[in-house]
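**Q** Dropping in query_24.pdb, which is PDB, C-alpha atoms:
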```pdb
ATOM      1  CA  MET A1259     239.089 189.869  43.878
ATOM      2  CA  PRO A1260     239.707 193.602  43.151
ATOM      3  CA  PRO A1261     238.995 196.136  45.925
ATOM      4  CA  PRO A1262     236.232 198.720  45.576
ATOM      5  CA  ASP A1263     237.016 201.945  43.726
ATOM      6  CA  PRO A1264     236.780 204.742  46.311
ATOM      7  CA  GLN A1265     235.855 207.211  43.548
ATOM      8  CA  SER A1266     232.658 205.306  42.648
ATOM      9  CA  SER A1267     230.491 206.466  45.563
ATOM     10  CA  SER A1268     229.897 209.470  47.773
ATOM     11  CA  ARG A1269     230.779 207.095  50.614
ATOM     12  CA  PRO A1270     234.448 206.136  50.263
ATOM     13  CA  GLY A1271     234.930 202.556  49.144
ATOM     14  CA  VAL A1272     231.220 201.852  48.572
ATOM     15  CA  PHE A1273     229.806 201.076  45.126
ATOM     16  CA  THR A1274     226.570 202.569  43.815
ATOM     17  CA  VAL A1275     224.162 201.588  41.041
ATOM     18  CA  ARG A1276     226.303 203.683  38.652
ATOM     19  CA  THR A1277     229.580 201.940  39.424
ATOM     20  CA  PRO A1278     230.689 200.173  36.204
ATOM     21  CA  ARG A1279     231.185 196.792  37.915
ATOM     22  CA  VAL A1280     227.713 196.971  39.414
ATOM     23  CA  VAL A1281     226.263 197.987  36.045
ATOM     24  CA  ALA A1282     228.005 195.025  34.387
ATOM     25  CA  ALA A1283     226.755 192.609  37.041
ATOM     26  CA  ARG A1284     223.183 193.920  36.776
ATOM     27  CA  ARG A1285     223.150 192.984  33.094
ATOM     28  CA  LEU A1286     223.396 189.333  34.139
ATOM     29  CA  HIS A1287     219.695 189.425  34.972
ATOM     30  CA  ARG A1288     219.262 189.080  31.188
ATOM     31  CA  ARG A1289     219.787 185.697  29.570
ATOM     32  CA  ARG A1290     221.523 187.235  26.579
ATOM     33  CA  ASP A1291     224.197 188.738  28.778
ATOM     34  CA  ARG A1292     224.580 185.528  30.785
ATOM     35  CA  ASP A1293     225.081 183.589  27.570
ATOM     36  CA  GLU A1294     227.549 186.110  26.154
ATOM     37  CA  THR A1295     229.687 186.368  29.293
ATOM     38  CA  GLY A1296     229.374 182.847  30.688
ATOM     39  CA  ARG A1297     228.537 184.423  34.049
ATOM     40  CA  PHE A1298     225.485 184.450  36.316
ATOM     41  CA  LEU A1299     224.384 185.773  39.716
ATOM     42  CA  ALA A1300     223.977 183.773  42.915
ATOM     43  CA  GLU A1301     222.148 185.495  45.754
ATOM     44  CA  GLY A1302     222.098 184.918  49.504
ATOM     45  CA  PRO A1303     224.536 183.289  51.942
ATOM     46  CA  GLN A1304     223.708 179.664  51.127
ATOM     47  CA  ALA A1305     224.159 180.069  47.383
ATOM     48  CA  VAL A1306     227.293 182.165  47.872
ATOM     49  CA  ARG A1307     228.775 179.564  50.226
ATOM     50  CA  GLU A1308     228.211 176.756  47.726
ATOM     51  CA  ALA A1309     229.557 178.897  44.882
ATOM     52  CA  PHE A1310     232.777 179.508  46.818
ATOM     53  CA  ARG A1311     233.086 175.787  47.558
ATOM     54  CA  ALA A1312     232.693 175.095  43.842
ATOM     55  CA  GLY A1313     235.405 177.662  43.054
ATOM     56  CA  VAL A1314     233.300 179.655  40.572
ATOM     57  CA  VAL A1315     232.985 183.070  42.251
ATOM     58  CA  THR A1316     234.608 185.918  40.327
ATOM     59  CA  GLU A1317     233.299 188.778  42.466
ATOM     60  CA  LEU A1318     231.166 189.182  45.576
ATOM     61  CA  PHE A1319     229.035 192.237  46.310
ATOM     62  CA  ALA A1320     227.840 192.841  49.855
ATOM     63  CA  THR A1321     226.210 195.523  51.930
ATOM     64  CA  ALA A1322     228.152 196.676  54.982
ATOM     65  CA  ASP A1323     225.848 194.726  57.313
ATOM     66  CA  ALA A1324     226.175 191.502  55.299
ATOM     67  CA  ALA A1325     229.947 191.884  55.056
ATOM     68  CA  ALA A1326     230.105 192.218  58.845
ATOM     69  CA  ARG A1327     228.036 189.033  59.242
ATOM     70  CA  HIS A1328     230.293 187.127  56.842
ATOM     71  CA  PRO A1329     233.877 188.259  57.417
ATOM     72  CA  GLU A1330     235.131 184.975  55.925
ATOM     73  CA  TRP A1331     234.485 186.362  52.438
ATOM     74  CA  SER A1332     236.203 189.304  50.773
ATOM     75  CA  ALA A1333     233.560 191.477  49.134
ATOM     76  CA  SER A1334     233.099 194.680  47.188
ATOM     77  CA  LEU A1335     230.894 196.890  49.357
ATOM     78  CA  VAL A1336     227.717 198.330  47.818
ATOM     79  CA  ASP A1337     225.050 200.649  49.122
ATOM     80  CA  ASP A1338     221.459 199.505  49.646
ATOM     81  CA  ALA A1339     220.239 200.844  46.298
ATOM     82  CA  ALA A1340     222.954 198.959  44.437
ATOM     83  CA  MET A1341     222.123 195.747  46.298
ATOM     84  CA  GLU A1342     218.437 196.114  45.420
ATOM     85  CA  ALA A1343     219.438 196.474  41.775
ATOM     86  CA  LEU A1344     221.709 193.428  41.907
ATOM     87  CA  ALA A1345     219.311 191.205  43.827
ATOM     88  CA  ASP A1346     216.390 189.326  42.312
ATOM     89  CA  THR A1347     214.326 189.052  45.500
ATOM     90  CA  VAL A1348     211.945 191.418  47.260
ATOM     91  CA  GLN A1349     213.975 191.359  50.472
ATOM     92  CA  PRO A1350     217.668 190.992  49.557
ATOM     93  CA  GLN A1351     219.952 189.261  52.056
ATOM     94  CA  GLY A1352     222.837 191.564  51.216
ATOM     95  CA  LEU A1353     225.060 189.163  49.253
ATOM     96  CA  VAL A1354     225.257 188.655  45.491
ATOM     97  CA  ALA A1355     228.080 186.757  43.795
ATOM     98  CA  VAL A1356     229.079 186.849  40.142
ATOM     99  CA  CYS A1357     229.860 183.253  39.163
ATOM    100  CA  ARG A1358     231.221 181.357  36.184
ATOM    101  CA  GLN A1359     228.682 179.076  34.541
ATOM    102  CA  ARG A1360     229.256 175.372  35.162
ATOM    103  CA  ASP A1361     228.240 173.748  31.874
ATOM    104  CA  VAL A1362     230.095 170.631  30.767
ATOM    105  CA  PRO A1363     229.783 168.779  27.440
ATOM    106  CA  LEU A1364     227.571 165.692  27.539
ATOM    107  CA  GLU A1365     230.471 163.424  26.614
ATOM    108  CA  GLN A1366     232.511 164.756  29.539
ATOM    109  CA  ALA A1367     229.651 164.210  31.979
ATOM    110  CA  LEU A1368     229.114 160.652  30.717
ATOM    111  CA  ALA A1369     232.833 159.903  30.992
ATOM    112  CA  ARG A1370     232.320 160.078  34.775
ATOM    113  CA  LYS A1371     229.949 157.094  34.479
ATOM    114  CA  PRO A1372     226.880 158.574  36.214
ATOM    115  CA  ARG A1373     224.353 155.914  37.210
ATOM    116  CA  LEU A1374     221.452 158.320  37.576
ATOM    117  CA  VAL A1375     220.767 161.266  35.268
ATOM    118  CA  ALA A1376     217.880 163.739  35.164
ATOM    119  CA  VAL A1377     216.901 165.282  31.828
ATOM    120  CA  CYS A1378     214.644 168.350  31.652
ATOM    121  CA  VAL A1379     213.023 168.545  28.222
ATOM    122  CA  ASP A1380     211.428 171.826  27.100
ATOM    123  CA  ILE A1381     210.798 172.913  30.696
ATOM    124  CA  ARG A1382     210.016 176.626  30.664
ATOM    125  CA  ASP A1383     209.419 177.418  34.344
ATOM    126  CA  PRO A1384     212.645 178.344  36.176
ATOM    127  CA  GLY A1385     211.222 177.282  39.540
ATOM    128  CA  ASN A1386     210.614 173.784  38.185
ATOM    129  CA  ALA A1387     214.094 173.656  36.690
ATOM    130  CA  GLY A1388     215.678 174.604  39.998
ATOM    131  CA  THR A1389     213.536 172.120  41.907
ATOM    132  CA  VAL A1390     214.546 169.279  39.589
ATOM    133  CA  LEU A1391     218.190 170.249  40.143
ATOM    134  CA  ARG A1392     217.694 170.120  43.907
ATOM    135  CA  THR A1393     215.782 166.825  43.775
ATOM    136  CA  ALA A1394     218.300 165.193  41.448
ATOM    137  CA  ASP A1395     221.166 166.211  43.701
ATOM    138  CA  ALA A1396     219.369 164.891  46.790
ATOM    139  CA  ALA A1397     218.658 161.554  45.073
ATOM    140  CA  GLY A1398     222.305 161.155  44.111
ATOM    141  CA  ALA A1399     222.084 161.996  40.417
ATOM    142  CA  LYS A1400     225.431 163.319  39.242
ATOM    143  CA  THR A1401     224.254 164.893  35.988
ATOM    144  CA  VAL A1402     221.322 167.133  35.062
ATOM    145  CA  ILE A1403     220.694 167.805  31.372
ATOM    146  CA  PHE A1404     218.631 170.708  30.038
ATOM    147  CA  ALA A1405     217.527 169.585  26.590
ATOM    148  CA  GLY A1406     215.583 171.246  23.800
ATOM    149  CA  ASP A1407     213.909 174.608  24.333
ATOM    150  CA  THR A1408     214.455 174.637  28.080
ATOM    151  CA  VAL A1409     214.681 177.548  30.489
ATOM    152  CA  ASP A1410     218.130 178.841  31.389
ATOM    153  CA  PRO A1411     219.272 176.999  34.553
ATOM    154  CA  TYR A1412     221.186 180.154  35.490
ATOM    155  CA  ASN A1413     218.004 182.215  35.660
ATOM    156  CA  GLY A1414     217.811 183.851  39.092
ATOM    157  CA  LYS A1415     214.715 181.935  40.164
ATOM    158  CA  ALA A1416     216.192 178.639  38.986
ATOM    159  CA  VAL A1417     219.390 179.299  40.934
ATOM    160  CA  ARG A1418     217.417 180.089  44.098
ATOM    161  CA  SER A1419     215.092 177.103  43.683
ATOM    162  CA  SER A1420     218.073 174.784  43.382
ATOM    163  CA  ALA A1421     219.070 175.737  46.951
ATOM    164  CA  GLY A1422     222.770 175.340  46.147
ATOM    165  CA  SER A1423     222.429 172.072  44.221
ATOM    166  CA  LEU A1424     223.320 173.905  41.007
ATOM    167  CA  PHE A1425     226.907 173.800  42.289
ATOM    168  CA  HIS A1426     226.930 170.074  43.098
ATOM    169  CA  VAL A1427     226.117 168.353  39.795
ATOM    170  CA  ASP A1428     227.340 168.334  36.213
ATOM    171  CA  ILE A1429     225.105 170.634  34.173
ATOM    172  CA  VAL A1430     224.706 169.869  30.486
ATOM    173  CA  ARG A1431     222.782 171.986  27.976
ATOM    174  CA  ALA A1432     221.860 170.313  24.697
ATOM    175  CA  ARG A1433     219.565 171.670  22.009
ATOM    176  CA  ASP A1434     218.977 168.355  20.217
ATOM    177  CA  THR A1435     216.875 166.156  22.482
ATOM    178  CA  ALA A1436     216.818 163.161  20.131
ATOM    179  CA  ALA A1437     220.601 163.158  19.785
ATOM    180  CA  THR A1438     220.951 163.488  23.552
ATOM    181  CA  ILE A1439     218.777 160.415  24.116
ATOM    182  CA  ALA A1440     220.783 158.434  21.571
ATOM    183  CA  THR A1441     224.037 159.424  23.273
ATOM    184  CA  LEU A1442     222.702 158.390  26.677
ATOM    185  CA  GLN A1443     221.608 155.016  25.324
ATOM    186  CA  ALA A1444     224.943 154.481  23.592
ATOM    187  CA  ALA A1445     226.619 155.113  26.957
ATOM    188  CA  GLY A1446     224.652 152.239  28.483
ATOM    189  CA  LEU A1447     221.866 154.106  30.264
ATOM    190  CA  GLN A1448     218.251 153.086  29.923
ATOM    191  CA  VAL A1449     216.159 156.149  29.084
ATOM    192  CA  LEU A1450     212.814 156.314  30.890
ATOM    193  CA  ALA A1451     210.226 158.985  30.210
ATOM    194  CA  ALA A1452     208.023 160.125  33.086
ATOM    195  CA  ASP A1453     204.619 160.184  31.394
ATOM    196  CA  GLY A1454     201.237 160.311  33.085
ATOM    197  CA  TYR A1455     199.853 158.187  30.249
ATOM    198  CA  GLY A1456     202.768 155.763  30.061
ATOM    199  CA  LYS A1457     201.991 152.067  29.655
ATOM    200  CA  SER A1458     204.470 150.959  32.348
ATOM    201  CA  ASP A1459     203.684 151.412  36.042
ATOM    202  CA  LEU A1460     206.678 152.765  37.955
ATOM    203  CA  PHE A1461     206.159 150.348  40.833
ATOM    204  CA  ASP A1462     206.036 147.339  38.517
ATOM    205  CA  LEU A1463     209.502 147.919  37.092
ATOM    206  CA  SER A1464     212.128 145.407  38.120
ATOM    207  CA  ASP A1465     215.263 146.903  36.581
ATOM    208  CA  LEU A1466     215.497 150.354  38.143
ATOM    209  CA  HIS A1467     218.880 149.312  39.550
ATOM    210  CA  ARG A1468     220.323 149.734  36.052
ATOM    211  CA  PRO A1469     222.033 153.029  35.083
ATOM    212  CA  THR A1470     219.099 155.250  34.194
ATOM    213  CA  ALA A1471     218.336 158.606  32.651
ATOM    214  CA  TRP A1472     214.889 159.976  33.549
ATOM    215  CA  LEU A1473     213.201 162.430  31.169
ATOM    216  CA  PHE A1474     210.822 165.047  32.540
ATOM    217  CA  GLY A1475     208.734 167.339  30.339
ATOM    218  CA  SER A1476     206.867 170.566  30.954
ATOM    219  CA  GLU A1477     203.678 170.489  32.991
ATOM    220  CA  ALA A1478     201.800 172.219  30.181
ATOM    221  CA  HIS A1479     202.793 169.960  27.277
ATOM    222  CA  GLY A1480     204.560 166.919  28.689
ATOM    223  CA  LEU A1481     207.149 165.104  26.585
ATOM    224  CA  PRO A1482     207.095 164.929  22.784
ATOM    225  CA  ARG A1483     205.535 161.689  21.589
ATOM    226  CA  ASP A1484     208.221 160.935  19.015
ATOM    227  CA  LEU A1485     211.156 160.560  21.390
ATOM    228  CA  ALA A1486     212.884 157.179  21.075
ATOM    229  CA  VAL A1487     212.910 156.325  24.785
ATOM    230  CA  ASP A1488     213.143 152.822  26.214
ATOM    231  CA  LEU A1489     209.940 153.070  28.269
ATOM    232  CA  ARG A1490     207.238 155.589  29.067
ATOM    233  CA  VAL A1491     206.520 155.239  32.757
ATOM    234  CA  ARG A1492     203.583 156.543  34.774
ATOM    235  CA  VAL A1493     203.510 157.186  38.500
ATOM    236  CA  PRO A1494     200.308 155.483  39.700
ATOM    237  CA  LEU A1495     197.615 157.707  41.186
ATOM    238  CA  TYR A1496     195.651 156.075  43.983
ATOM    239  CA  GLY A1497     193.440 159.012  44.893
ATOM    240  CA  GLY A1498     191.348 161.518  43.019
ATOM    241  CA  ALA A1499     194.158 163.766  41.822
ATOM    242  CA  GLU A1500     194.305 164.218  38.058
ATOM    243  CA  SER A1501     198.100 164.241  37.988
ATOM    244  CA  LEU A1502     201.309 164.984  39.861
ATOM    245  CA  ASN A1503     203.173 168.202  39.283
ATOM    246  CA  LEU A1504     206.614 168.062  37.737
ATOM    247  CA  ALA A1505     208.544 168.390  40.994
ATOM    248  CA  ALA A1506     206.598 165.610  42.705
ATOM    249  CA  ALA A1507     206.910 163.260  39.736
ATOM    250  CA  ALA A1508     210.640 163.893  39.511
ATOM    251  CA  ALA A1509     211.093 163.163  43.212
ATOM    252  CA  VAL A1510     209.156 159.876  43.048
ATOM    253  CA  CYS A1511     210.944 158.651  39.909
ATOM    254  CA  LEU A1512     214.467 159.632  40.924
ATOM    255  CA  TYR A1513     214.137 158.259  44.436
ATOM    256  CA  SER A1514     212.660 154.998  43.130
ATOM    257  CA  SER A1515     215.785 154.569  41.025
ATOM    258  CA  ALA A1516     218.061 155.639  43.874
ATOM    259  CA  LYS A1517     216.499 153.086  46.223
ATOM    260  CA  ALA A1518     216.822 150.283  43.664
ATOM    261  CA  MET A1519     220.448 151.169  42.956
ATOM    262  CA  ARG A1520     221.375 151.249  46.642
ATOM    263  CA  SER A1521     219.771 147.835  47.179
ATOM    264  CA  VAL A1522     222.300 146.178  44.869
ATOM    265  CA  GLU A1523     225.425 147.988  46.036
TER     266      GLU A1523
END
```
Represent the structure from my file as structure tokens, please.
**A**
Amino acid sequence: MPPPDPQSSSRPGVFTVRTPRVVAARRLHRRRDRDETGRFLAEGPQAVREAFRAGVVTELFATADAAARHPEWSASLVDDAAMEALADTVQPQGLVAVCRQRDVPLEQALARKPRLVAVCVDIRDPGNAGTVLRTADAAGAKTVIFAGDTVDPYNGKAVRSSAGSLFHVDIVRARDTAATIATLQAAGLQVLAADGYGKSDLFDLSDLHRPTAWLFGSEAHGLPRDLAVDLRVRVPLYGGAESLNLAAAAAVCLYSSAKAMRSVE
């Protein structure tokens, strides 16, 4: 990791908002620049720690106070104004890492024989995307696929909402949802669609121990009706609630599969 340029700030060795490396990193708040560079920003000590463990950090920016709290990491020092520009939160924690994106091709992810896969289809809210990542990781899913017109999983809010899980799973991005489903089925996974109007009751299913890919759609529009899934599955509602939100439905479905799979190990 290169040392700070002492000529870039009125304080020797401290970067400012005008320092070229800070300017370049700030551009990663835009999806276009993330896509072009294959880089993204991870903010805060937890995300930075997981990024280092994953071996994807290319540069770390830190305020003097944060660097003193975390001497285990070599960082480029920035002033407070530069950190505010780099951070995506109201109250920055003083650490922002530039990281390499972690996408893998679908075929490579499936070659690892994942038994549980989460597929986000046309999800537009980055908080939901990050929460599904976190939930999938917690339930033991090894692969998370972002299919169709789905939000960038490297969006700052998605990265934060994943709480570090972004660095634990294989991330696949695929534009063609139908082709993705066909590939999953060809690899031996049953493809189940979480659908509030599905004909099959989640708690009536007897084969959740099988390798499974769960599809989750946006809260606003749900899943397209023409997808060639194996089953459309509803989570039963026993109270007066109209529906479950995406995060809750994903947790119930993924953990139901995880429990069934563990029971046959």
**Q** Given the PyMOL selection byres ((chain A and resi 1403-1411) around 9) and the file above, list the residues it selects as a ChimeraX atom specification.
**A** /A:1289,1364,1375-1384,1387-1388,1391,1401-1402,1412-1417,1424,1428-1436,1438
**Q** Now that the selection is made, can you save its residues with C-alpha atoms as a compact mmCIF listing (two decimals), in the coordinates of the input?
**A**
```
# COMPACT_ATOMS: atom_id res chain seq x y z
CA ARG A 1289 219.79 185.70 29.57
CA LEU A 1364 227.57 165.69 27.54
CA VAL A 1375 220.77 161.27 35.27
CA ALA A 1376 217.88 163.74 35.16
CA VAL A 1377 216.90 165.28 31.83
CA CYS A 1378 214.64 168.35 31.65
CA VAL A 1379 213.02 168.54 28.22
CA ASP A 1380 211.43 171.83 27.10
CA ILE A 1381 210.80 172.91 30.70
CA ARG A 1382 210.02 176.63 30.66
CA ASP A 1383 209.42 177.42 34.34
CA PRO A 1384 212.64 178.34 36.18
CA ALA A 1387 214.09 173.66 36.69
CA GLY A 1388 215.68 174.60 40.00
CA LEU A 1391 218.19 170.25 40.14
CA THR A 1401 224.25 164.89 35.99
CA VAL A 1402 221.32 167.13 35.06
CA TYR A 1412 221.19 180.15 35.49
CA ASN A 1413 218.00 182.22 35.66
CA GLY A 1414 217.81 183.85 39.09
CA LYS A 1415 214.72 181.94 40.16
CA ALA A 1416 216.19 178.64 38.99
CA VAL A 1417 219.39 179.30 40.93
CA LEU A 1424 223.32 173.90 41.01
CA ASP A 1428 227.34 168.33 36.21
CA ILE A 1429 225.10 170.63 34.17
CA VAL A 1430 224.71 169.87 30.49
CA ARG A 1431 222.78 171.99 27.98
CA ALA A 1432 221.86 170.31 24.70
CA ARG A 1433 219.56 171.67 22.01
CA ASP A 1434 218.98 168.36 20.22
CA THR A 1435 216.88 166.16 22.48
CA ALA A 1436 216.82 163.16 20.13
CA THR A 1438 220.95 163.49 23.55
```
**Q** I need the residue set behind the PyMOL selection byres ((chain A and resi 1293) around 12) for this file; please write it as a VMD selection string.
**A** chain A and resid 1285 to 1292 1294 to 1298 1358 to 1361 1410 to 1413 1431
**Q** Just give me the gap between CA of Ile1439 in chain A and CA of Leu1368 in chain A in Å, one decimal is fine.
**A**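 We find that CA of Ile1439 in chain A and CA of Leu1368 in chain A lie 12.3 Å from each other.
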**Q** Please list as a count of residues only every residue within 6 Å of range 1481-1493 of chain A, counting all atoms listed in the file and excluding residues in the same chain fewer than 4 positions away.
**A** 11
**Q** Show which residues sit within 8 Å of range 1504-1507 of chain A, as a PyMOL selection string. Count only C-alpha atoms, and ignore same-chain residues fewer than 4 positions away.
**A** chain A and resi 1386+1389-1390+1393+1452+1474-1477+1493+1511
**Q** Can you work out which one of A:Ala1445, A:Arg1418, A:Ser1334, A:Leu1318 has the shortest atom-to-atom distance to Glu1365 in chain A, counting all atoms listed in the file?
**A**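 The closest residue to Glu1365 in chain A is A:Ala1445.
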**Q** From the options A:Ala1471, A:Leu1335, A:Val1272, A:Ala1326, which residue's atoms come nearest to Ala1444 in chain A, counting all atoms listed in the file?
**A**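 Nearest candidate to Ala1444 in chain A out of A:Ala1471, A:Leu1335, A:Val1272, A:Ala1326: A:Ala1471.
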**Q** When distances are computed from all atoms listed in the file, which of A:Ala1399, A:Leu1353, A:Ala1320, A:Ala1440 shows the smallest separation from Leu1374 in chain A?
**A**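 Under the stated criterion, the closest residue is A:Ala1399.
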**Q** Work out how far apart CA of Thr1277 in chain A and CA of Pro1303 in chain A are and give it in Å to one decimal.
**A**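 Result for CA of Thr1277 in chain A versus CA of Pro1303 in chain A: 23.0 Å, one decimal.
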**Q** Using all atoms listed in the file for the distances, tell me which of A:Gly1385, A:Pro1329, A:Gly1302, A:Pro1363 is nearest to Gly1422 in chain A.
**A**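 Distance minimum relative to Gly1422 in chain A lands on A:Gly1302.
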**Q** For Thr1347 in chain A, which residue among A:Ala1300, A:His1426, A:Ala1283, A:Gln1448 is the nearest when counting only C-alpha atoms?
**A**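 Looking at the shortest contact to Thr1347 in chain A, the residue is A:Ala1300.
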**Q** For a test of reading the model, state the distance in Å between CA of Phe1319 in chain A and CA of Gln1304 in chain A, rounded to one decimal.
**A** 14.5 Å
**Q** Kindly indicate which residue among A:Ala1333, A:Ala1355, A:Val1275, A:Met1341 lies nearest to Val1314 in chain A, using only C-alpha atoms for the distances.
**A**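 So, comparing all the options, the nearest one is A:Ala1355.
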**Q** Give me range 1293-1311 of chain A with N, CA, C and O atoms filled in, as a short mmCIF file (atom, residue, chain, number, x, y, z; two decimals), in the coordinates of the input.
**A**
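So the final result, stored in out.cif, reads:
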```
data_model
loop_
_atom_site.label_atom_id
_atom_site.label_comp_id
_atom_site.auth_asym_id
_atom_site.auth_seq_id
_atom_site.Cartn_x
_atom_site.Cartn_y
_atom_site.Cartn_z
N ASP A 1293 224.54 184.45 28.62
CA ASP A 1293 225.08 183.59 27.57
C ASP A 1293 226.36 184.16 26.97
O ASP A 1293 227.31 183.43 26.67
N GLU A 1294 226.38 185.48 26.78
CA GLU A 1294 227.55 186.11 26.15
C GLU A 1294 228.78 186.09 27.06
O GLU A 1294 229.90 185.93 26.59
N THR A 1295 228.56 186.25 28.36
CA THR A 1295 229.69 186.37 29.29
C THR A 1295 230.06 185.05 29.97
O THR A 1295 231.17 184.93 30.51
N GLY A 1296 229.13 184.08 29.95
CA GLY A 1296 229.37 182.85 30.69
C GLY A 1296 229.36 183.06 32.19
O GLY A 1296 229.96 182.29 32.95
N ARG A 1297 228.64 184.09 32.62
CA ARG A 1297 228.54 184.42 34.05
C ARG A 1297 227.07 184.42 34.47
O ARG A 1297 226.17 184.53 33.66
N PHE A 1298 226.83 184.32 35.78
CA PHE A 1298 225.48 184.45 36.32
C PHE A 1298 225.58 184.94 37.76
O PHE A 1298 226.67 185.03 38.33
N LEU A 1299 224.43 185.25 38.35
CA LEU A 1299 224.38 185.77 39.72
C LEU A 1299 223.84 184.72 40.67
O LEU A 1299 222.88 184.02 40.36
N ALA A 1300 224.46 184.63 41.83
CA ALA A 1300 223.98 183.77 42.92
C ALA A 1300 223.74 184.67 44.14
O ALA A 1300 224.64 185.42 44.53
N GLU A 1301 222.57 184.55 44.72
CA GLU A 1301 222.15 185.50 45.75
C GLU A 1301 221.91 184.79 47.08
O GLU A 1301 221.35 183.69 47.12
N GLY A 1302 222.34 185.44 48.17
CA GLY A 1302 222.10 184.92 49.50
C GLY A 1302 223.26 184.09 50.02
O GLY A 1302 224.05 183.53 49.25
N PRO A 1303 223.37 183.96 51.35
CA PRO A 1303 224.54 183.29 51.94
C PRO A 1303 224.68 181.82 51.57
O PRO A 1303 225.80 181.34 51.37
N GLN A 1304 223.58 181.08 51.46
CA GLN A 1304 223.71 179.66 51.13
C GLN A 1304 224.26 179.47 49.72
O GLN A 1304 225.20 178.70 49.50
N ALA A 1305 223.68 180.18 48.75
CA ALA A 1305 224.16 180.07 47.38
C ALA A 1305 225.60 180.55 47.26
O ALA A 1305 226.42 179.92 46.57
N VAL A 1306 225.93 181.64 47.93
CA VAL A 1306 227.29 182.16 47.87
C VAL A 1306 228.28 181.17 48.48
O VAL A 1306 229.37 180.93 47.94
N ARG A 1307 227.90 180.56 49.59
CA ARG A 1307 228.78 179.56 50.23
C ARG A 1307 229.06 178.40 49.28
O ARG A 1307 230.21 177.97 49.12
N GLU A 1308 228.01 177.89 48.63
CA GLU A 1308 228.21 176.76 47.73
C GLU A 1308 229.00 177.17 46.48
O GLU A 1308 229.79 176.38 45.95
N ALA A 1309 228.80 178.41 46.04
CA ALA A 1309 229.56 178.90 44.88
C ALA A 1309 231.04 179.00 45.21
O ALA A 1309 231.90 178.64 44.38
N PHE A 1310 231.37 179.45 46.42
CA PHE A 1310 232.78 179.51 46.82
C PHE A 1310 233.37 178.10 46.91
O PHE A 1310 234.50 177.85 46.49
N ARG A 1311 232.60 177.16 47.46
CA ARG A 1311 233.09 175.79 47.56
C ARG A 1311 233.35 175.19 46.18
O ARG A 1311 234.26 174.39 46.00
#
```
